[in-house]
>>> print(open('run-v1.cif').read())   # mmCIF, N, CA and C atoms
data_coords
loop_
_atom_site.label_atom_id
_atom_site.label_comp_id
_atom_site.auth_asym_id
_atom_site.auth_seq_id
_atom_site.Cartn_x
_atom_site.Cartn_y
_atom_site.Cartn_z
N MET A 958 -28.65 -3.32 -23.14
CA MET A 958 -28.97 -2.16 -22.34
C MET A 958 -28.07 -1.00 -22.77
N ARG A 959 -28.63 0.19 -22.74
CA ARG A 959 -27.88 1.40 -23.10
C ARG A 959 -26.76 1.65 -22.10
N VAL A 960 -25.66 2.24 -22.58
CA VAL A 960 -24.51 2.47 -21.71
C VAL A 960 -24.86 3.47 -20.60
N ASP A 961 -25.68 4.47 -20.90
CA ASP A 961 -26.03 5.43 -19.85
C ASP A 961 -26.84 4.77 -18.75
N LYS A 962 -27.76 3.92 -19.15
CA LYS A 962 -28.58 3.22 -18.16
C LYS A 962 -27.74 2.22 -17.36
N TYR A 963 -26.80 1.55 -18.03
CA TYR A 963 -25.95 0.57 -17.35
C TYR A 963 -25.09 1.25 -16.27
N LEU A 964 -24.42 2.35 -16.63
CA LEU A 964 -23.56 3.03 -15.65
C LEU A 964 -24.38 3.62 -14.51
N TRP A 965 -25.60 4.00 -14.78
CA TRP A 965 -26.48 4.46 -13.71
C TRP A 965 -26.91 3.29 -12.83
N CYS A 966 -27.23 2.16 -13.45
CA CYS A 966 -27.68 0.98 -12.70
C CYS A 966 -26.60 0.43 -11.77
N VAL A 967 -25.35 0.47 -12.21
CA VAL A 967 -24.27 -0.05 -11.36
C VAL A 967 -23.64 1.04 -10.50
N ARG A 968 -24.33 2.15 -10.36
CA ARG A 968 -24.05 3.19 -9.38
C ARG A 968 -22.73 3.93 -9.56
N TYR A 969 -22.30 4.12 -10.79
CA TYR A 969 -21.14 4.98 -11.01
C TYR A 969 -21.55 6.44 -11.12
N TYR A 970 -22.77 6.67 -11.56
CA TYR A 970 -23.30 8.02 -11.68
C TYR A 970 -24.62 8.09 -10.93
N LYS A 971 -24.90 9.28 -10.39
CA LYS A 971 -26.12 9.47 -9.60
C LYS A 971 -27.36 9.54 -10.48
N THR A 972 -27.23 10.15 -11.65
CA THR A 972 -28.38 10.27 -12.55
C THR A 972 -27.97 9.87 -13.96
N ARG A 973 -28.95 9.49 -14.77
CA ARG A 973 -28.67 9.16 -16.16
C ARG A 973 -28.26 10.41 -16.93
N ASN A 974 -28.76 11.56 -16.52
CA ASN A 974 -28.39 12.80 -17.19
C ASN A 974 -26.89 13.07 -17.04
N MET A 975 -26.32 12.74 -15.89
CA MET A 975 -24.88 12.92 -15.70
C MET A 975 -24.09 12.02 -16.64
N VAL A 976 -24.58 10.81 -16.87
CA VAL A 976 -23.92 9.89 -17.80
C VAL A 976 -24.02 10.43 -19.22
N THR A 977 -25.18 10.95 -19.57
CA THR A 977 -25.37 11.51 -20.91
C THR A 977 -24.41 12.67 -21.16
N GLU A 978 -24.25 13.52 -20.15
CA GLU A 978 -23.31 14.65 -20.28
C GLU A 978 -21.87 14.14 -20.46
N ALA A 979 -21.50 13.09 -19.73
CA ALA A 979 -20.16 12.52 -19.87
C ALA A 979 -19.97 11.94 -21.27
N CYS A 980 -21.02 11.34 -21.84
CA CYS A 980 -20.93 10.81 -23.20
C CYS A 980 -20.74 11.94 -24.21
N LYS A 981 -21.46 13.04 -24.00
CA LYS A 981 -21.34 14.17 -24.92
C LYS A 981 -19.93 14.76 -24.90
N LYS A 982 -19.26 14.66 -23.75
CA LYS A 982 -17.90 15.18 -23.61
C LYS A 982 -16.84 14.15 -24.01
N ASN A 983 -17.28 13.02 -24.56
CA ASN A 983 -16.40 11.93 -24.99
C ASN A 983 -15.57 11.35 -23.84
N HIS A 984 -16.15 11.27 -22.64
CA HIS A 984 -15.45 10.71 -21.50
C HIS A 984 -15.68 9.20 -21.38
N ILE A 985 -16.58 8.64 -22.17
CA ILE A 985 -16.93 7.23 -22.05
C ILE A 985 -16.63 6.51 -23.36
N THR A 986 -15.89 5.39 -23.24
CA THR A 986 -15.62 4.56 -24.41
C THR A 986 -16.05 3.13 -24.10
N VAL A 987 -16.52 2.45 -25.12
CA VAL A 987 -16.89 1.04 -25.02
C VAL A 987 -16.02 0.29 -26.02
N ASN A 988 -15.24 -0.65 -25.52
CA ASN A 988 -14.31 -1.43 -26.34
C ASN A 988 -13.40 -0.54 -27.18
N GLY A 989 -12.94 0.56 -26.60
CA GLY A 989 -11.99 1.45 -27.26
C GLY A 989 -12.61 2.46 -28.20
N GLN A 990 -13.92 2.47 -28.37
CA GLN A 990 -14.58 3.43 -29.25
C GLN A 990 -15.42 4.39 -28.42
N VAL A 991 -15.37 5.67 -28.79
CA VAL A 991 -16.17 6.67 -28.09
C VAL A 991 -17.64 6.30 -28.22
N ALA A 992 -18.35 6.37 -27.08
CA ALA A 992 -19.73 5.89 -27.07
C ALA A 992 -20.72 7.03 -26.87
N LYS A 993 -21.83 6.93 -27.59
CA LYS A 993 -22.96 7.81 -27.32
C LYS A 993 -23.75 7.19 -26.18
N ALA A 994 -24.66 7.96 -25.60
CA ALA A 994 -25.46 7.47 -24.47
C ALA A 994 -26.34 6.29 -24.87
N SER A 995 -26.72 6.23 -26.14
CA SER A 995 -27.63 5.18 -26.59
C SER A 995 -26.90 3.90 -27.01
N ARG A 996 -25.58 3.87 -26.90
CA ARG A 996 -24.80 2.69 -27.31
C ARG A 996 -25.19 1.49 -26.45
N GLU A 997 -25.45 0.37 -27.10
CA GLU A 997 -25.81 -0.86 -26.38
C GLU A 997 -24.56 -1.52 -25.81
N VAL A 998 -24.68 -2.03 -24.58
CA VAL A 998 -23.58 -2.78 -23.97
C VAL A 998 -24.04 -4.21 -23.73
N PHE A 999 -23.09 -5.13 -23.85
CA PHE A 999 -23.36 -6.55 -23.69
C PHE A 999 -22.33 -7.13 -22.74
N PRO A 1000 -22.60 -8.29 -22.16
CA PRO A 1000 -21.60 -8.93 -21.30
C PRO A 1000 -20.28 -9.09 -22.03
N SER A 1001 -19.20 -8.93 -21.30
CA SER A 1001 -17.80 -8.98 -21.76
C SER A 1001 -17.34 -7.69 -22.44
N ASP A 1002 -18.18 -6.67 -22.55
CA ASP A 1002 -17.74 -5.37 -23.07
C ASP A 1002 -16.88 -4.67 -22.02
N LYS A 1003 -15.90 -3.92 -22.49
CA LYS A 1003 -15.01 -3.18 -21.60
C LYS A 1003 -15.35 -1.69 -21.71
N ILE A 1004 -15.75 -1.09 -20.59
CA ILE A 1004 -16.13 0.32 -20.57
C ILE A 1004 -15.04 1.09 -19.84
N THR A 1005 -14.58 2.16 -20.46
CA THR A 1005 -13.61 3.05 -19.86
C THR A 1005 -14.23 4.43 -19.78
N PHE A 1006 -14.14 5.05 -18.61
CA PHE A 1006 -14.69 6.40 -18.47
C PHE A 1006 -13.91 7.17 -17.43
N ARG A 1007 -13.94 8.49 -17.59
CA ARG A 1007 -13.21 9.39 -16.70
C ARG A 1007 -14.21 10.09 -15.80
N LYS A 1008 -13.98 9.98 -14.50
CA LYS A 1008 -14.85 10.62 -13.52
C LYS A 1008 -14.01 10.99 -12.31
N ASP A 1009 -14.14 12.22 -11.86
CA ASP A 1009 -13.39 12.72 -10.69
C ASP A 1009 -11.88 12.51 -10.85
N GLN A 1010 -11.36 12.79 -12.01
CA GLN A 1010 -9.95 12.70 -12.34
C GLN A 1010 -9.39 11.28 -12.22
N ILE A 1011 -10.25 10.29 -12.33
CA ILE A 1011 -9.83 8.89 -12.32
C ILE A 1011 -10.35 8.23 -13.59
N ASN A 1012 -9.50 7.48 -14.28
CA ASN A 1012 -9.91 6.71 -15.45
C ASN A 1012 -10.33 5.32 -14.99
N TYR A 1013 -11.64 5.10 -14.92
CA TYR A 1013 -12.18 3.81 -14.50
C TYR A 1013 -12.19 2.85 -15.69
N ILE A 1014 -11.88 1.59 -15.43
CA ILE A 1014 -11.96 0.54 -16.44
C ILE A 1014 -12.80 -0.57 -15.83
N ILE A 1015 -13.94 -0.86 -16.44
CA ILE A 1015 -14.80 -1.93 -15.93
C ILE A 1015 -15.16 -2.88 -17.06
N THR A 1016 -15.41 -4.13 -16.70
CA THR A 1016 -15.87 -5.13 -17.65
C THR A 1016 -17.28 -5.52 -17.26
N VAL A 1017 -18.17 -5.55 -18.24
CA VAL A 1017 -19.57 -5.90 -18.01
C VAL A 1017 -19.65 -7.42 -17.83
N LEU A 1018 -20.16 -7.87 -16.68
CA LEU A 1018 -20.34 -9.30 -16.44
C LEU A 1018 -21.76 -9.74 -16.76
N ASP A 1019 -22.72 -8.90 -16.40
CA ASP A 1019 -24.13 -9.22 -16.62
C ASP A 1019 -24.90 -7.91 -16.72
N ILE A 1020 -26.10 -7.99 -17.24
CA ILE A 1020 -26.95 -6.80 -17.40
C ILE A 1020 -28.03 -6.81 -16.31
N PRO A 1021 -28.08 -5.77 -15.46
CA PRO A 1021 -29.12 -5.73 -14.43
C PRO A 1021 -30.47 -5.31 -15.01
N GLN A 1022 -31.54 -5.73 -14.36
CA GLN A 1022 -32.88 -5.34 -14.78
C GLN A 1022 -33.15 -3.89 -14.41
N ASN A 1023 -32.80 -3.50 -13.19
CA ASN A 1023 -33.02 -2.15 -12.67
C ASN A 1023 -31.77 -1.71 -11.93
N ARG A 1024 -31.82 -0.53 -11.35
CA ARG A 1024 -30.71 -0.04 -10.53
C ARG A 1024 -30.54 -0.99 -9.34
N VAL A 1025 -29.29 -1.37 -9.08
CA VAL A 1025 -29.03 -2.37 -8.05
C VAL A 1025 -28.47 -1.72 -6.79
N GLY A 1026 -28.60 -2.43 -5.68
CA GLY A 1026 -28.04 -1.96 -4.42
C GLY A 1026 -26.52 -2.00 -4.47
N ALA A 1027 -25.90 -1.24 -3.58
CA ALA A 1027 -24.44 -1.13 -3.58
C ALA A 1027 -23.76 -2.48 -3.34
N LYS A 1028 -24.39 -3.35 -2.56
CA LYS A 1028 -23.78 -4.65 -2.26
C LYS A 1028 -23.83 -5.59 -3.46
N LEU A 1029 -24.75 -5.38 -4.38
CA LEU A 1029 -24.91 -6.27 -5.53
C LEU A 1029 -24.18 -5.81 -6.78
N VAL A 1030 -23.50 -4.69 -6.72
CA VAL A 1030 -22.86 -4.12 -7.91
C VAL A 1030 -21.80 -5.06 -8.47
N ASP A 1031 -21.06 -5.76 -7.60
CA ASP A 1031 -19.98 -6.62 -8.07
C ASP A 1031 -20.47 -7.82 -8.89
N VAL A 1032 -21.74 -8.13 -8.82
CA VAL A 1032 -22.30 -9.23 -9.62
C VAL A 1032 -22.37 -8.83 -11.09
N TYR A 1033 -22.52 -7.53 -11.35
CA TYR A 1033 -22.77 -7.06 -12.71
C TYR A 1033 -21.55 -6.45 -13.40
N ARG A 1034 -20.49 -6.18 -12.65
CA ARG A 1034 -19.30 -5.60 -13.28
C ARG A 1034 -18.05 -6.07 -12.57
N LYS A 1035 -16.93 -6.01 -13.30
CA LYS A 1035 -15.62 -6.31 -12.73
C LYS A 1035 -14.79 -5.05 -12.86
N ASP A 1036 -14.35 -4.51 -11.74
CA ASP A 1036 -13.59 -3.26 -11.74
C ASP A 1036 -12.12 -3.57 -11.97
N GLU A 1037 -11.56 -3.05 -13.06
CA GLU A 1037 -10.15 -3.28 -13.40
C GLU A 1037 -9.35 -1.99 -13.33
N THR A 1038 -9.85 -1.02 -12.58
CA THR A 1038 -9.16 0.26 -12.43
C THR A 1038 -7.87 0.04 -11.64
N PRO A 1039 -6.74 0.52 -12.13
CA PRO A 1039 -5.49 0.33 -11.39
C PRO A 1039 -5.51 1.08 -10.05
N VAL A 1040 -4.88 0.48 -9.06
CA VAL A 1040 -4.83 1.07 -7.72
C VAL A 1040 -4.07 2.39 -7.74
N GLU A 1041 -3.12 2.54 -8.66
CA GLU A 1041 -2.33 3.77 -8.75
C GLU A 1041 -3.21 4.98 -9.04
N ALA A 1042 -4.33 4.77 -9.73
CA ALA A 1042 -5.23 5.89 -10.05
C ALA A 1042 -5.80 6.48 -8.77
N PHE A 1043 -6.18 5.63 -7.82
CA PHE A 1043 -6.72 6.13 -6.57
C PHE A 1043 -5.63 6.77 -5.71
N ALA A 1044 -4.41 6.22 -5.78
CA ALA A 1044 -3.29 6.80 -5.05
C ALA A 1044 -2.96 8.18 -5.61
N HIS A 1045 -3.07 8.33 -6.92
CA HIS A 1045 -2.82 9.62 -7.56
C HIS A 1045 -3.84 10.67 -7.08
N LEU A 1046 -5.09 10.25 -6.91
CA LEU A 1046 -6.12 11.16 -6.41
C LEU A 1046 -5.79 11.62 -5.00
N GLU A 1047 -5.29 10.74 -4.15
CA GLU A 1047 -4.90 11.12 -2.79
C GLU A 1047 -3.76 12.13 -2.82
N LEU A 1048 -2.80 11.94 -3.73
CA LEU A 1048 -1.70 12.89 -3.86
C LEU A 1048 -2.21 14.26 -4.29
N LEU A 1049 -3.19 14.28 -5.19
CA LEU A 1049 -3.76 15.56 -5.63
C LEU A 1049 -4.42 16.28 -4.46
N LYS A 1050 -5.14 15.55 -3.61
CA LYS A 1050 -5.79 16.17 -2.46
C LYS A 1050 -4.76 16.74 -1.50
N LEU A 1051 -3.69 15.99 -1.26
CA LEU A 1051 -2.64 16.48 -0.36
C LEU A 1051 -1.93 17.70 -0.92
N SER A 1052 -1.72 17.73 -2.24
CA SER A 1052 -1.02 18.87 -2.84
C SER A 1052 -1.88 20.13 -2.78
N LYS A 1053 -3.19 19.98 -2.87
CA LYS A 1053 -4.07 21.15 -2.77
C LYS A 1053 -4.04 21.72 -1.36
N GLU A 1054 -3.95 20.86 -0.35
CA GLU A 1054 -3.88 21.34 1.03
C GLU A 1054 -2.57 22.07 1.29
N HIS A 1055 -1.53 21.71 0.56
CA HIS A 1055 -0.23 22.34 0.77
C HIS A 1055 -0.24 23.82 0.39
N TYR A 1056 -0.92 24.15 -0.68
CA TYR A 1056 -0.89 25.53 -1.17
C TYR A 1056 -1.69 26.49 -0.29
N ARG A 1057 -2.80 26.06 0.22
CA ARG A 1057 -3.63 26.95 1.03
C ARG A 1057 -4.23 26.17 2.17
N LYS A 1058 -3.84 26.52 3.37
CA LYS A 1058 -4.37 25.85 4.55
C LYS A 1058 -5.76 26.39 4.84
N THR A 1059 -6.60 25.57 5.45
CA THR A 1059 -7.94 25.98 5.82
C THR A 1059 -7.84 27.07 6.87
N GLY A 1060 -8.59 28.14 6.68
CA GLY A 1060 -8.57 29.24 7.64
C GLY A 1060 -7.69 30.39 7.21
N ASP A 1061 -6.85 30.20 6.21
CA ASP A 1061 -6.02 31.29 5.71
C ASP A 1061 -6.83 32.13 4.74
N GLY A 1062 -6.38 33.34 4.53
CA GLY A 1062 -7.04 34.18 3.54
C GLY A 1062 -8.07 35.08 4.15
N ARG A 1063 -8.95 35.55 3.33
CA ARG A 1063 -9.96 36.51 3.74
C ARG A 1063 -10.93 35.89 4.75
N PRO A 1064 -11.30 36.63 5.80
CA PRO A 1064 -12.24 36.08 6.78
C PRO A 1064 -13.62 35.86 6.16
N THR A 1065 -14.30 34.86 6.66
CA THR A 1065 -15.65 34.60 6.20
C THR A 1065 -16.61 35.58 6.88
N LYS A 1066 -17.86 35.55 6.47
CA LYS A 1066 -18.86 36.43 7.07
C LYS A 1066 -19.01 36.13 8.57
N LYS A 1067 -18.95 34.87 8.92
CA LYS A 1067 -19.05 34.48 10.33
C LYS A 1067 -17.85 35.00 11.11
N ASP A 1068 -16.65 34.88 10.54
CA ASP A 1068 -15.45 35.41 11.19
C ASP A 1068 -15.57 36.91 11.42
N ARG A 1069 -16.09 37.63 10.42
CA ARG A 1069 -16.24 39.07 10.55
C ARG A 1069 -17.20 39.43 11.68
N ARG A 1070 -18.30 38.70 11.77
CA ARG A 1070 -19.26 38.97 12.84
C ARG A 1070 -18.66 38.69 14.21
N ASP A 1071 -17.89 37.61 14.31
CA ASP A 1071 -17.24 37.30 15.58
C ASP A 1071 -16.26 38.40 15.97
N LEU A 1072 -15.51 38.92 14.99
CA LEU A 1072 -14.57 40.01 15.27
C LEU A 1072 -15.31 41.27 15.71
N GLU A 1073 -16.42 41.59 15.07
CA GLU A 1073 -17.19 42.77 15.45
C GLU A 1073 -17.75 42.62 16.86
N ASP A 1074 -18.23 41.43 17.21
CA ASP A 1074 -18.73 41.20 18.56
C ASP A 1074 -17.61 41.35 19.58
N PHE A 1075 -16.43 40.85 19.24
CA PHE A 1075 -15.29 40.95 20.15
C PHE A 1075 -14.90 42.41 20.35
N GLU A 1076 -14.84 43.19 19.26
CA GLU A 1076 -14.51 44.61 19.36
C GLU A 1076 -15.56 45.37 20.17
N PHE A 1077 -16.82 45.02 19.96
CA PHE A 1077 -17.90 45.67 20.69
C PHE A 1077 -17.78 45.40 22.18
N ASP A 1078 -17.53 44.15 22.56
CA ASP A 1078 -17.36 43.79 23.96
C ASP A 1078 -16.12 44.45 24.55
N PHE A 1079 -15.05 44.52 23.80
CA PHE A 1079 -13.80 45.11 24.26
C PHE A 1079 -13.99 46.61 24.53
N ASN A 1080 -14.69 47.31 23.64
CA ASN A 1080 -14.93 48.75 23.81
C ASN A 1080 -15.84 49.01 25.01
N ASP A 1081 -16.82 48.17 25.26
CA ASP A 1081 -17.71 48.34 26.40
C ASP A 1081 -16.94 48.24 27.71
N GLU A 1082 -15.98 47.29 27.79
CA GLU A 1082 -15.21 47.12 29.02
C GLU A 1082 -14.34 48.33 29.26
N HIS A 1083 -13.74 48.93 28.25
CA HIS A 1083 -12.85 50.08 28.42
C HIS A 1083 -13.63 51.37 28.73
N ASP A 1084 -14.84 51.48 28.23
CA ASP A 1084 -15.64 52.67 28.48
C ASP A 1084 -16.06 52.72 29.96
N GLU A 1085 -16.30 51.58 30.61
CA GLU A 1085 -16.74 51.55 31.98
C GLU A 1085 -15.65 51.91 32.93
N THR A 1086 -14.35 51.68 32.60
CA THR A 1086 -13.24 51.95 33.50
C THR A 1086 -12.90 53.43 33.55
N GLU A 1087 -13.25 54.20 32.59
CA GLU A 1087 -12.89 55.61 32.53
C GLU A 1087 -13.77 56.49 33.34
#
>>> encode(input="run-v1.cif", output="structure tokens")
Amino acid sequence: MRVDKYLWCVRYYKTRNMVTEACKKNHITVNGQVAKASREVFPSDKITFRKDQINYIITVLDIPQNRVGAKLVDVYRKDETPVEAFAHLELLKLSKEHYRKTGDGRPTKKDRRDLEDFEFDFNDEHDETE
């Protein structure tokens, strides 16, 4: 089975086109060699690919006939991705939150409308008292 079809079947990518693009960018290797989308994969092959800033390492256990359900994915592959890779992703998310908190910066269009409504209501109350 082709590597693009395999990674799509075991649900690492949403579409085969996304896998093809990753192959063109040399993000996917099979047994240590950069793979094209048409590269055939066989049981016991080791596939390494980069997705969402994580280097996944999987071993092909079996070849599925079609795209499989999420519960059956473990029958066809063995995930050997180190746990530290996922911990590193969590650290990246936390570091991004540190630099800019949600709600800081320029107001959104909704915020602007709320401010205008508030100013309009505030001016109406003061005009009636005079």
>>> atom_distance(input="run-v1.cif", atom1="CA of Lys1028 (chain A)", atom2="CA of Asp961 (chain A)")
20.4 Å
>>> closest_residue(input="run-v1.cif", among="A:Val1030, A:Arg1070, A:Arg996, A:Leu1049", to="Arg968 (chain A)", atoms="all atoms listed in the file")
A:Val1030
>>> resolve_selection(input="run-v1.cif", expression="the PyMOL selection byres ((chain A and resi 1016-1026) around 6.5)", output="list in words")
Trp965, Cys966, Val967, Arg968, Phe999, Pro1000, Ser1001, Asp1002, Lys1003, Ile1004, Ile1014, Ile1015, Ala1027, Lys1028, Leu1029, Val1030, Val1032, Tyr1033, Arg1034, Lys1035, Asp1036 and Glu1037 of chain A
>>> atom_distance(input="run-v1.cif", atom1="CA of Gly989 (chain A)", atom2="CA of Tyr969 (chain A)")
19.0 Å
>>> resolve_selection(input="run-v1.cif", expression="the PyMOL selection byres ((chain A and resi 976-985) around 8)", output="PDB file with N, CA and C atoms, keeping the file's coordinate frame")
ATOM      1  N   VAL A 960     -25.660   2.240 -22.580  1.00  0.00           N
ATOM      2  CA  VAL A 960     -24.510   2.470 -21.710  1.00  0.00           C
ATOM      3  C   VAL A 960     -24.860   3.470 -20.600  1.00  0.00           C
ATOM      4  N   ASP A 961     -25.680   4.470 -20.900  1.00  0.00           N
ATOM      5  CA  ASP A 961     -26.030   5.430 -19.850  1.00  0.00           C
ATOM      6  C   ASP A 961     -26.840   4.770 -18.750  1.00  0.00           C
ATOM      7  N   LYS A 962     -27.760   3.920 -19.150  1.00  0.00           N
ATOM      8  CA  LYS A 962     -28.580   3.220 -18.160  1.00  0.00           C
ATOM      9  C   LYS A 962     -27.740   2.220 -17.360  1.00  0.00           C
ATOM     10  N   LEU A 964     -24.420   2.350 -16.630  1.00  0.00           N
ATOM     11  CA  LEU A 964     -23.560   3.030 -15.650  1.00  0.00           C
ATOM     12  C   LEU A 964     -24.380   3.620 -14.510  1.00  0.00           C
ATOM     13  N   TRP A 965     -25.600   4.000 -14.780  1.00  0.00           N
ATOM     14  CA  TRP A 965     -26.480   4.460 -13.710  1.00  0.00           C
ATOM     15  C   TRP A 965     -26.910   3.290 -12.830  1.00  0.00           C
ATOM     16  N   TYR A 969     -22.300   4.120 -10.790  1.00  0.00           N
ATOM     17  CA  TYR A 969     -21.140   4.980 -11.010  1.00  0.00           C
ATOM     18  C   TYR A 969     -21.550   6.440 -11.120  1.00  0.00           C
ATOM     19  N   TYR A 970     -22.770   6.670 -11.560  1.00  0.00           N
ATOM     20  CA  TYR A 970     -23.300   8.020 -11.680  1.00  0.00           C
ATOM     21  C   TYR A 970     -24.620   8.090 -10.930  1.00  0.00           C
ATOM     22  N   LYS A 971     -24.900   9.280 -10.390  1.00  0.00           N
ATOM     23  CA  LYS A 971     -26.120   9.470  -9.600  1.00  0.00           C
ATOM     24  C   LYS A 971     -27.360   9.540 -10.480  1.00  0.00           C
ATOM     25  N   THR A 972     -27.230  10.150 -11.650  1.00  0.00           N
ATOM     26  CA  THR A 972     -28.380  10.270 -12.550  1.00  0.00           C
ATOM     27  C   THR A 972     -27.970   9.870 -13.960  1.00  0.00           C
ATOM     28  N   ARG A 973     -28.950   9.490 -14.770  1.00  0.00           N
ATOM     29  CA  ARG A 973     -28.670   9.160 -16.160  1.00  0.00           C
ATOM     30  C   ARG A 973     -28.260  10.410 -16.930  1.00  0.00           C
ATOM     31  N   ASN A 974     -28.760  11.560 -16.520  1.00  0.00           N
ATOM     32  CA  ASN A 974     -28.390  12.800 -17.190  1.00  0.00           C
ATOM     33  C   ASN A 974     -26.890  13.070 -17.040  1.00  0.00           C
ATOM     34  N   MET A 975     -26.320  12.740 -15.890  1.00  0.00           N
ATOM     35  CA  MET A 975     -24.880  12.920 -15.700  1.00  0.00           C
ATOM     36  C   MET A 975     -24.090  12.020 -16.640  1.00  0.00           C
ATOM     37  N   THR A 986     -15.890   5.390 -23.240  1.00  0.00           N
ATOM     38  CA  THR A 986     -15.620   4.560 -24.410  1.00  0.00           C
ATOM     39  C   THR A 986     -16.050   3.130 -24.100  1.00  0.00           C
ATOM     40  N   VAL A 987     -16.520   2.450 -25.120  1.00  0.00           N
ATOM     41  CA  VAL A 987     -16.890   1.040 -25.020  1.00  0.00           C
ATOM     42  C   VAL A 987     -16.020   0.290 -26.020  1.00  0.00           C
ATOM     43  N   ASN A 988     -15.240  -0.650 -25.520  1.00  0.00           N
ATOM     44  CA  ASN A 988     -14.310  -1.430 -26.340  1.00  0.00           C
ATOM     45  C   ASN A 988     -13.400  -0.540 -27.180  1.00  0.00           C
ATOM     46  N   GLY A 989     -12.940   0.560 -26.600  1.00  0.00           N
ATOM     47  CA  GLY A 989     -11.990   1.450 -27.260  1.00  0.00           C
ATOM     48  C   GLY A 989     -12.610   2.460 -28.200  1.00  0.00           C
ATOM     49  N   GLN A 990     -13.920   2.470 -28.370  1.00  0.00           N
ATOM     50  CA  GLN A 990     -14.580   3.430 -29.250  1.00  0.00           C
ATOM     51  C   GLN A 990     -15.420   4.390 -28.420  1.00  0.00           C
ATOM     52  N   VAL A 991     -15.370   5.670 -28.790  1.00  0.00           N
ATOM     53  CA  VAL A 991     -16.170   6.670 -28.090  1.00  0.00           C
ATOM     54  C   VAL A 991     -17.640   6.300 -28.220  1.00  0.00           C
ATOM     55  N   ALA A 992     -18.350   6.370 -27.080  1.00  0.00           N
ATOM     56  CA  ALA A 992     -19.730   5.890 -27.070  1.00  0.00           C
ATOM     57  C   ALA A 992     -20.720   7.030 -26.870  1.00  0.00           C
ATOM     58  N   LYS A 993     -21.830   6.930 -27.590  1.00  0.00           N
ATOM     59  CA  LYS A 993     -22.960   7.810 -27.320  1.00  0.00           C
ATOM     60  C   LYS A 993     -23.750   7.190 -26.180  1.00  0.00           C
ATOM     61  N   ALA A 994     -24.660   7.960 -25.600  1.00  0.00           N
ATOM     62  CA  ALA A 994     -25.460   7.470 -24.470  1.00  0.00           C
ATOM     63  C   ALA A 994     -26.340   6.290 -24.870  1.00  0.00           C
ATOM     64  N   SER A 995     -26.720   6.230 -26.140  1.00  0.00           N
ATOM     65  CA  SER A 995     -27.630   5.180 -26.590  1.00  0.00           C
ATOM     66  C   SER A 995     -26.900   3.900 -27.010  1.00  0.00           C
ATOM     67  N   ILE A1004     -15.750  -1.090 -20.590  1.00  0.00           N
ATOM     68  CA  ILE A1004     -16.130   0.320 -20.570  1.00  0.00           C
ATOM     69  C   ILE A1004     -15.040   1.090 -19.840  1.00  0.00           C
ATOM     70  N   THR A1005     -14.580   2.160 -20.460  1.00  0.00           N
ATOM     71  CA  THR A1005     -13.610   3.050 -19.860  1.00  0.00           C
ATOM     72  C   THR A1005     -14.230   4.430 -19.780  1.00  0.00           C
ATOM     73  N   PHE A1006     -14.140   5.050 -18.610  1.00  0.00           N
ATOM     74  CA  PHE A1006     -14.690   6.400 -18.470  1.00  0.00           C
ATOM     75  C   PHE A1006     -13.910   7.170 -17.430  1.00  0.00           C
ATOM     76  N   ARG A1007     -13.940   8.490 -17.590  1.00  0.00           N
ATOM     77  CA  ARG A1007     -13.210   9.390 -16.700  1.00  0.00           C
ATOM     78  C   ARG A1007     -14.210  10.090 -15.800  1.00  0.00           C
ATOM     79  N   LYS A1008     -13.980   9.980 -14.500  1.00  0.00           N
ATOM     80  CA  LYS A1008     -14.850  10.620 -13.520  1.00  0.00           C
ATOM     81  C   LYS A1008     -14.010  10.990 -12.310  1.00  0.00           C
TER      82      LYS A1008
END
>>> select_by_dssp(input="run-v1.cif", residues="chain A", states="strand (DSSP E or B)", output="number ranges by chain")
A: 959, 985-987, 990-991, 997, 1003-1008, 1011-1017, 1034-1036
>>> atom_distance(input="run-v1.cif", atom1="CA of Phe1043 (chain A)", atom2="CA of Tyr1013 (chain A)")
9.9 Å
>>> select_by_dssp(input="run-v1.cif", residues="chain A", states="helix (DSSP H, G or I)", output="NGL selection string")
:A and (960-966 or 973-981 or 1027-1033 or 1040-1056 or 1066-1086)
>>> decode(input="run-v1.cif", residues="region 984-1006 of chain A", atoms="C-alpha atoms", output="mmCIF file, in the first residue's frame")
data_model
loop_
_atom_site.group_PDB
_atom_site.id
_atom_site.type_symbol
_atom_site.label_atom_id
_atom_site.label_comp_id
_atom_site.auth_asym_id
_atom_site.auth_seq_id
_atom_site.Cartn_x
_atom_site.Cartn_y
_atom_site.Cartn_z
ATOM 1 C CA HIS A 984 8.349 15.516 6.233
ATOM 2 C CA ILE A 985 7.840 11.757 5.806
ATOM 3 C CA THR A 986 10.542 9.086 5.831
ATOM 4 C CA VAL A 987 10.225 5.318 5.529
ATOM 5 C CA ASN A 988 13.069 3.298 7.067
ATOM 6 C CA GLY A 989 15.232 6.432 7.221
ATOM 7 C CA GLN A 990 14.776 7.419 3.563
ATOM 8 C CA VAL A 991 12.712 10.379 2.380
ATOM 9 C CA ALA A 992 9.526 9.008 0.864
ATOM 10 C CA LYS A 993 7.379 10.083 -2.036
ATOM 11 C CA ALA A 994 3.611 9.678 -1.708
ATOM 12 C CA SER A 995 3.703 6.640 -3.994
ATOM 13 C CA ARG A 996 6.282 4.767 -1.870
ATOM 14 C CA GLU A 997 5.049 1.282 -0.948
ATOM 15 C CA VAL A 998 4.950 0.335 2.733
ATOM 16 C CA PHE A 999 5.046 -3.184 4.115
ATOM 17 C CA PRO A 1000 4.647 -4.683 7.591
ATOM 18 C CA SER A 1001 7.634 -3.963 9.886
ATOM 19 C CA ASP A 1002 8.481 -0.698 8.038
ATOM 20 C CA LYS A 1003 9.251 2.254 10.288
ATOM 21 C CA ILE A 1004 7.596 5.539 9.260
ATOM 22 C CA THR A 1005 8.750 8.841 10.710
ATOM 23 C CA PHE A 1006 6.874 12.048 9.993
#
